Amino acid sequence: MARKPDPKSAASGRKKGDLSADPSGRPRNASGAGKKSGAKDAAPRKRKPWVVALRWTAMVGIWGFVALMGILAYYGYDLPDLEKLETPQRRPSVTLMASDNSVLANYGDLHGGAVQFDEVPPYLVQAIVATEDRRFFDHAGVDGIGIIRAAFANLRAGAIRQGGSTLTQQLAKNLFLTPERSLKRKVQELLLAFWLEARFSKKQIFTIYLNRVYFGAGTYGIAAASHHYFDRPARALSLRQAAVIAGLLKAPSRYAPLRNPKGAAKRADQVLANMVAAEFLDPRDAKAARGDSLRLSTRQAGSGARYFSDWLLERAAGFVGRSDQDLVIRTTLSPRLQKIGERRLRRTLKASARRNASQGALVTLAPDGAIRAMVGGRNYGRSQFNRVTQAKRQPGSAFKLFVYLAGLETGLAPDDTVQDAPVTIDGWRPRNYDGKYRGRVSVRQALAQSLNTAAVRISERAGRRKVIGAAERLGITTNLKGHPSVALGASEVSLLELTGAYAVLANRGFPAWPYGILEIRDGRGKLLYRRSGAGAGRLV
């Protein structure tokens with residue numbers, strides 16, 4: 001029986017230097033050249049360090065350039081066309097005229113034509129630069145020094161007191177882009193700032209900024225602002241007025257001189273101090289300017305009329321549609337009655353303060369429904385909610401007009417009698433305001449004394465649907481509920497529709513639906529709309 005060879009003995013049987021065969025049985029090169037070649041391949045060639053560094057630098061540079069181009073393409077594909085910036089895009093204007101032909105309000109850019117850099121006073125340029133961007137003529141769109149200075153100032157104050165954005169960045173931020181706050185937005189602002197600086201001169205950038213920036217009260221551009229606030233062109237602004245204009249840029253609503261003259265004057269003093277600090281203005285000239293009168297425009301109505309103008313603008317589109325042309329709207333509002341109404345409301349609220357009456361509203365109508373005064377609240381600057389048109393309140397006994405109208409229309413006469421006594425309807429028990437009951441009284445007496453139980457009985461006799469129908473016919477548009485309590489004004493209505501319904505009686509029974517527009521013309525004077533009348537017959 002043959003034995004299997006021992007692997008150990010087989011391995012040991014080969015000589016250590018035997019290259020004739022490897023363990024797999026393949027022959028080796030007996031000449032020994034293979035040994036030299038194998039030794040040579042086992043030792044890799046070492047590259048010089050600078051070659052490796054250069055190669056990696058080139059690769060990083062190429063890929064970095066590709067990434068940069070990708071970022072620029074991503075953030076820059078929807079940037080605005082810089083070729084169109086020198087021509088301001090003026091919004092259509094809307095001018096509201098009162099019944100005496102005074103200006104109630106301007107919306108849009110009525111006087112918003114473009115001005116050139118050399119057409120405005122030098123101190124206006126200096127006031128804006130000293131206040132908004134003191135190094136405007138030195139930086140390249142982004143002011144690193146200004147950012148660091150603002151950061152230190154804010155750290156010392158413990159709050160945000162200064163900003164580091166330049167006029168160029170403000171132009172990019174406020175006039176070209178959406179108001180979103182995102183990383184993309186920040187990058188686009190920087191790109192636009194650099195592109196503006198590369199494309200335009202400093203004078204051109206400042207001119208574009210001046211013609212497009214928002215100055216409050218619906219005015220865009222220095223031409224619109226100077227006419228709106230001071231009733232004069234930009235070139236005629238005084239130093240004091242220029243300081244007011246420059247002060248508006250920080251907070252147009254807060255420092256609007258027509259709404260807050262004291263705040264505007266205080267802000268203007270700060271602007272003058274900035275001009276002195278920037279060495280644009282001598283301290284003596286600044287002191288003299290502080291003593292100048294602002295000479296504000298006298299053509300603007302009080303802030304209370306803003307309730308009316310806001311309400312009216314919402315309805316103007318219904319007469320002329322969406323318009324891309326200037327509009328002049330002649331309204332029914334009386335500035336004299338408007339001021340009286342504002343004063344009366346303030347007095348009433350002051351007298352009612354002990355009863356926690358903090359807000360109120362007032363509307364005055366002519367017999368045909370023309371709105372002569374509208375005060376939608378105590379202070380428009382604090383609350384733009386119009387309590388004349390938007391607030392819904394229970395009218396209470398004021399609603400009894402429709403109850404008695406329905407009763408008369410169903411055959412009730414003023415001298416007929418009605419029982420003033422406790423009554424229960426579906427578990428509801430109305431009471432008189434004084435808790436007393438007078439027994440059988442005439443309809444005329446029940447109305448004069450505002451007796452609740454008598455009104456409920458008349459409502460039930462005429463029918464609740466009749467009562468609701470009478471209210472709707474006279475102008476109540478709110479959805480009224482057909483509950484027994486509808487007779488006592490339990491359903492909510494607006495002040496304007498209730499007053500309009502009462503005006504029907506003053507108009508001898510003819511419609512008196514509230515209105516505020518008399519006519520609308522375009523900027524060239526072409527008539528677009530004119531009110532011709534209610535167009536309906538007698539209602540009562």
# chains A, B, ... in the order shown; residues from 1 in each chain; ligands from 1

call {"tool": "closest_atom_pairs", "arguments": {"of": "segment 189-293 of chain A", "to": "segment 117-130 of chain A", "cutoff": "9 Å", "atoms": "only C-alpha atoms", "output": "Markdown table"}}
result
| residue | atom | partner | partner_atom | distance |
| --- | --- | --- | --- | --- |
| A:Lys203 | CA | A:Phe117 | CA | 6.5 |
| A:Gln204 | CA | A:Phe117 | CA | 7.6 |
| A:Phe206 | CA | A:Phe117 | CA | 7.5 |
| A:Thr207 | CA | A:Phe117 | CA | 5.5 |
| A:Leu210 | CA | A:Phe117 | CA | 8.7 |
| A:Ala234 | CA | A:Val120 | CA | 5.9 |
| A:Arg235 | CA | A:Val120 | CA | 4.6 |
| A:Ala236 | CA | A:Pro121 | CA | 7.8 |
| A:Leu237 | CA | A:Pro121 | CA | 7.4 |
| A:Ser238 | CA | A:Pro121 | CA | 8.5 |
| A:Leu239 | CA | A:Tyr123 | CA | 6.6 |
| A:Gln241 | CA | A:Leu124 | CA | 8.8 |
| A:Ala242 | CA | A:Leu124 | CA | 5.1 |
| A:Ala243 | CA | A:Ala127 | CA | 6.0 |
| A:Ile245 | CA | A:Leu124 | CA | 8.2 |
| A:Ala246 | CA | A:Ile128 | CA | 5.1 |
| A:Gly247 | CA | A:Ile128 | CA | 7.9 |
| A:Leu249 | CA | A:Ile128 | CA | 8.5 |
| A:Val271 | CA | A:Ala127 | CA | 6.4 |
| A:Leu272 | CA | A:Ala127 | CA | 7.2 |
| A:Asn274 | CA | A:Ala130 | CA | 5.6 |
| A:Met275 | CA | A:Ala130 | CA | 5.4 |
| A:Val276 | CA | A:Ala130 | CA | 8.7 |
| A:Ala277 | CA | A:Ala130 | CA | 8.1 |
| A:Ala278 | CA | A:Ala130 | CA | 6.1 |
| A:Phe280 | CA | A:Gln126 | CA | 6.5 |
| A:Leu281 | CA | A:Tyr123 | CA | 8.4 |

call {"tool": "write_last_selection", "arguments": {"atoms": "C-alpha atoms", "output": "CSV table (one decimal), in the first residue's frame"}}
result
chain,number,residue,atom,x,y,z
A,203,LYS,CA,-23.9,108.9,-9.1
A,204,GLN,CA,-26.0,106.5,-11.2
A,206,PHE,CA,-27.6,107.0,-6.0
A,207,THR,CA,-29.9,108.4,-8.7
A,210,LEU,CA,-33.4,108.2,-5.0
A,234,ALA,CA,-37.2,118.1,-5.0
A,235,ARG,CA,-34.9,120.8,-6.2
A,236,ALA,CA,-36.8,123.3,-4.0
A,237,LEU,CA,-36.5,121.4,-0.7
A,238,SER,CA,-34.9,123.4,2.1
A,239,LEU,CA,-32.2,121.9,4.3
A,241,GLN,CA,-37.1,119.5,4.6
A,242,ALA,CA,-34.2,117.4,3.1
A,243,ALA,CA,-33.4,116.2,6.6
A,245,ILE,CA,-36.9,113.2,3.8
A,246,ALA,CA,-33.7,111.5,4.7
A,247,GLY,CA,-35.1,110.6,8.1
A,249,LEU,CA,-35.9,106.0,5.1
A,271,VAL,CA,-30.1,113.7,10.5
A,272,LEU,CA,-28.6,117.2,10.9
A,274,ASN,CA,-25.2,113.1,11.4
A,275,MET,CA,-24.3,115.6,8.7
A,276,VAL,CA,-22.3,117.6,11.2
A,277,ALA,CA,-20.5,114.4,12.4
A,278,ALA,CA,-19.7,113.5,8.7
A,280,PHE,CA,-20.9,117.8,5.5
A,281,LEU,CA,-22.4,120.6,7.5

call {"tool": "residues_around", "arguments": {"residues": "Thr453 of chain A", "least_positions_apart": "6", "cutoff": "8 Å", "atoms": "only C-alpha atoms", "output": "list in words"}}
result
Gln419, Asp420, Ala421, Pro422, Val423, Pro430, Arg431 and Asn432 of chain A

call {"tool": "write_last_selection", "arguments": {"atoms": "N, CA and C atoms", "output": "PDB file, in the first residue's frame"}}
result
ATOM      1  N   GLN A 419    -100.456  94.946  23.538  1.00  0.00           N
ATOM      2  CA  GLN A 419    -100.289  94.625  24.957  1.00  0.00           C
ATOM      3  C   GLN A 419     -98.819  94.713  25.358  1.00  0.00           C
ATOM      4  N   ASP A 420     -98.534  95.513  26.386  1.00  0.00           N
ATOM      5  CA  ASP A 420     -97.191  95.561  26.985  1.00  0.00           C
ATOM      6  C   ASP A 420     -97.248  94.785  28.282  1.00  0.00           C
ATOM      7  N   ALA A 421     -96.925  93.494  28.174  1.00  0.00           N
ATOM      8  CA  ALA A 421     -97.002  92.595  29.331  1.00  0.00           C
ATOM      9  C   ALA A 421     -96.015  91.459  29.108  1.00  0.00           C
ATOM     10  N   PRO A 422     -95.657  90.718  30.161  1.00  0.00           N
ATOM     11  CA  PRO A 422     -94.714  89.604  29.988  1.00  0.00           C
ATOM     12  C   PRO A 422     -95.187  88.648  28.906  1.00  0.00           C
ATOM     13  N   VAL A 423     -94.216  88.121  28.145  1.00  0.00           N
ATOM     14  CA  VAL A 423     -94.521  87.203  27.058  1.00  0.00           C
ATOM     15  C   VAL A 423     -93.428  86.143  27.004  1.00  0.00           C
ATOM     16  N   PRO A 430     -88.574  87.990  26.960  1.00  0.00           N
ATOM     17  CA  PRO A 430     -87.998  89.338  26.908  1.00  0.00           C
ATOM     18  C   PRO A 430     -88.557  90.218  28.023  1.00  0.00           C
ATOM     19  N   ARG A 431     -87.791  91.225  28.414  1.00  0.00           N
ATOM     20  CA  ARG A 431     -88.217  92.166  29.450  1.00  0.00           C
ATOM     21  C   ARG A 431     -87.996  93.580  28.951  1.00  0.00           C
ATOM     22  N   ASN A 432     -88.721  94.517  29.514  1.00  0.00           N
ATOM     23  CA  ASN A 432     -88.493  95.922  29.214  1.00  0.00           C
ATOM     24  C   ASN A 432     -87.246  96.411  29.944  1.00  0.00           C
TER      25      ASN A 432
END

call {"tool": "select_by_dssp", "arguments": {"residues": "segment 409-455 of chain A", "states": "strand (DSSP E or B)", "output": "ChimeraX atom specification"}}
result
/A:417-420,425,428,439-442

call {"tool": "write_last_selection", "arguments": {"atoms": "N, CA and C atoms", "output": "PDB file, in the first residue's frame"}}
result
ATOM      1  N   THR A 417    -103.775  99.419  19.303  1.00  0.00           N
ATOM      2  CA  THR A 417    -103.165  99.114  20.603  1.00  0.00           C
ATOM      3  C   THR A 417    -102.489  97.748  20.590  1.00  0.00           C
ATOM      4  N   VAL A 418    -101.506  97.624  21.479  1.00  0.00           N
ATOM      5  CA  VAL A 418    -100.766  96.380  21.627  1.00  0.00           C
ATOM      6  C   VAL A 418    -100.503  96.172  23.115  1.00  0.00           C
ATOM      7  N   GLN A 419    -100.456  94.946  23.538  1.00  0.00           N
ATOM      8  CA  GLN A 419    -100.289  94.625  24.957  1.00  0.00           C
ATOM      9  C   GLN A 419     -98.819  94.713  25.358  1.00  0.00           C
ATOM     10  N   ASP A 420     -98.534  95.513  26.386  1.00  0.00           N
ATOM     11  CA  ASP A 420     -97.191  95.561  26.985  1.00  0.00           C
ATOM     12  C   ASP A 420     -97.248  94.785  28.282  1.00  0.00           C
ATOM     13  N   ILE A 425     -91.888  83.062  24.413  1.00  0.00           N
ATOM     14  CA  ILE A 425     -91.906  82.451  23.083  1.00  0.00           C
ATOM     15  C   ILE A 425     -90.775  81.432  23.020  1.00  0.00           C
ATOM     16  N   TRP A 428     -88.240  81.708  25.595  1.00  0.00           N
ATOM     17  CA  TRP A 428     -87.539  83.010  25.691  1.00  0.00           C
ATOM     18  C   TRP A 428     -88.489  84.045  26.270  1.00  0.00           C
ATOM     19  N   GLY A 439     -99.274  97.623  30.340  1.00  0.00           N
ATOM     20  CA  GLY A 439    -100.564  97.127  29.879  1.00  0.00           C
ATOM     21  C   GLY A 439    -100.798  97.457  28.414  1.00  0.00           C
ATOM     22  N   ARG A 440    -102.035  97.760  28.060  1.00  0.00           N
ATOM     23  CA  ARG A 440    -102.353  98.043  26.663  1.00  0.00           C
ATOM     24  C   ARG A 440    -101.966  99.487  26.340  1.00  0.00           C
ATOM     25  N   VAL A 441    -101.142  99.630  25.274  1.00  0.00           N
ATOM     26  CA  VAL A 441    -100.660 100.942  24.831  1.00  0.00           C
ATOM     27  C   VAL A 441    -100.849 101.039  23.326  1.00  0.00           C
ATOM     28  N   SER A 442    -100.797 102.271  22.809  1.00  0.00           N
ATOM     29  CA  SER A 442    -100.892 102.450  21.360  1.00  0.00           C
ATOM     30  C   SER A 442     -99.568 102.068  20.705  1.00  0.00           C
TER      31      SER A 442
END

call {"tool": "atom_distance", "arguments": {"atom1": "atom CA of Pro49 of chain A", "atom2": "atom CA of Trp63 of chain A"}}
result
21.3 Å

call {"tool": "atom_distance", "arguments": {"atom1": "atom CA of Tyr214 of chain A", "atom2": "atom CA of Leu248 of chain A"}}
result
8.7 Å

call {"tool": "select_by_dssp", "arguments": {"residues": "segment 433-490 of chain A", "states": "alpha helix (DSSP H)", "output": "NGL selection string"}}
result
:A and (443-448 or 452-462 or 464-473)

call {"tool": "residues_around", "arguments": {"residues": "Ser253 of chain A", "least_positions_apart": "4", "cutoff": "9 Å", "atoms": "only C-alpha atoms", "output": "CSV table (one decimal) with C-alpha atoms, in the first residue's frame"}}
result
chain,number,residue,atom,x,y,z
A,215,PHE,CA,-40.7,107.3,1.4
A,216,GLY,CA,-44.0,106.3,3.0
A,217,ALA,CA,-47.7,107.2,2.3
A,248,LEU,CA,-38.0,108.8,6.5
A,259,ARG,CA,-49.0,112.0,10.6
A,260,ASN,CA,-46.3,112.5,13.2
A,381,GLY,CA,-52.2,104.9,13.0

call {"tool": "residues_around", "arguments": {"residues": "segment 190-192 of chain A", "least_positions_apart": "3", "cutoff": "7 Å", "atoms": "only C-alpha atoms", "output": "PyMOL selection string"}}
result
chain A and resi 169+172+186-187+195-196

call {"tool": "residues_around", "arguments": {"residues": "Leu451 of chain A", "least_positions_apart": "5", "cutoff": "10 Å", "atoms": "only C-alpha atoms", "output": "PyMOL selection string"}}
result
chain A and resi 397+400+420-421+431-434+436-438+441+443+445-446+456+488

call {"tool": "write_last_selection", "arguments": {"atoms": "C-alpha atoms", "output": "PDB file, in the first residue's frame"}}
result
ATOM      1  CA  SER A 397     -83.553  98.716  19.854  1.00  0.00           C
ATOM      2  CA  LYS A 400     -87.159  98.107  15.919  1.00  0.00           C
ATOM      3  CA  ASP A 420     -97.191  95.561  26.985  1.00  0.00           C
ATOM      4  CA  ALA A 421     -97.002  92.595  29.331  1.00  0.00           C
ATOM      5  CA  ARG A 431     -88.217  92.166  29.450  1.00  0.00           C
ATOM      6  CA  ASN A 432     -88.493  95.922  29.214  1.00  0.00           C
ATOM      7  CA  TYR A 433     -85.389  97.956  29.990  1.00  0.00           C
ATOM      8  CA  ASP A 434     -86.936  99.324  33.219  1.00  0.00           C
ATOM      9  CA  LYS A 436     -92.043  97.678  34.223  1.00  0.00           C
ATOM     10  CA  TYR A 437     -95.099  96.844  32.110  1.00  0.00           C
ATOM     11  CA  ARG A 438     -97.760  99.353  31.052  1.00  0.00           C
ATOM     12  CA  VAL A 441    -100.660 100.942  24.831  1.00  0.00           C
ATOM     13  CA  VAL A 443     -98.423 101.438  18.662  1.00  0.00           C
ATOM     14  CA  GLN A 445     -96.578 104.977  22.370  1.00  0.00           C
ATOM     15  CA  ALA A 446     -94.849 101.585  22.192  1.00  0.00           C
ATOM     16  CA  VAL A 456     -91.894  91.309  20.100  1.00  0.00           C
ATOM     17  CA  LEU A 488     -84.862  93.277  19.571  1.00  0.00           C
TER      18      LEU A 488
END

call {"tool": "residues_around", "arguments": {"residues": "Val142 of chain A", "least_positions_apart": "6", "cutoff": "9 Å", "atoms": "only C-alpha atoms", "output": "PDB file with N, CA and C atoms, in the first residue's frame"}}
result
ATOM      1  N   GLY A 164     -25.414  97.269   8.909  1.00  0.00           N
ATOM      2  CA  GLY A 164     -24.206  97.392   8.110  1.00  0.00           C
ATOM      3  C   GLY A 164     -24.456  97.407   6.619  1.00  0.00           C
ATOM      4  N   SER A 165     -25.721  97.406   6.201  1.00  0.00           N
ATOM      5  CA  SER A 165     -26.012  97.370   4.766  1.00  0.00           C
ATOM      6  C   SER A 165     -25.769  98.732   4.138  1.00  0.00           C
ATOM      7  N   THR A 166     -25.283  98.718   2.915  1.00  0.00           N
ATOM      8  CA  THR A 166     -24.986  99.939   2.178  1.00  0.00           C
ATOM      9  C   THR A 166     -26.202 100.377   1.370  1.00  0.00           C
ATOM     10  N   THR A 168     -26.246 100.583  -1.768  1.00  0.00           N
ATOM     11  CA  THR A 168     -26.318  99.649  -2.893  1.00  0.00           C
ATOM     12  C   THR A 168     -27.039  98.377  -2.486  1.00  0.00           C
ATOM     13  N   GLN A 169     -26.743  97.871  -1.298  1.00  0.00           N
ATOM     14  CA  GLN A 169     -27.445  96.684  -0.806  1.00  0.00           C
ATOM     15  C   GLN A 169     -28.926  96.973  -0.555  1.00  0.00           C
ATOM     16  N   LEU A 190     -26.067  90.239  -2.234  1.00  0.00           N
ATOM     17  CA  LEU A 190     -24.642  90.505  -2.427  1.00  0.00           C
ATOM     18  C   LEU A 190     -24.288  90.532  -3.907  1.00  0.00           C
ATOM     19  N   ALA A 193     -25.536  93.717  -5.416  1.00  0.00           N
ATOM     20  CA  ALA A 193     -24.738  94.858  -4.983  1.00  0.00           C
ATOM     21  C   ALA A 193     -23.446  94.955  -5.785  1.00  0.00           C
ATOM     22  N   PHE A 194     -22.758  93.829  -5.955  1.00  0.00           N
ATOM     23  CA  PHE A 194     -21.517  93.840  -6.736  1.00  0.00           C
ATOM     24  C   PHE A 194     -21.789  94.154  -8.206  1.00  0.00           C
TER      25      PHE A 194
END

call {"tool": "atom_distance", "arguments": {"atom1": "atom CA of Arg393 of chain A", "atom2": "atom CA of Val493 of chain A"}}
result
5.5 Å

call {"tool": "closest_residue", "arguments": {"among": "A:Arg315, A:Arg530, A:Arg306, A:His227", "to": "Met374 of chain A", "atoms": "only C-alpha atoms"}}
result
A:Arg306
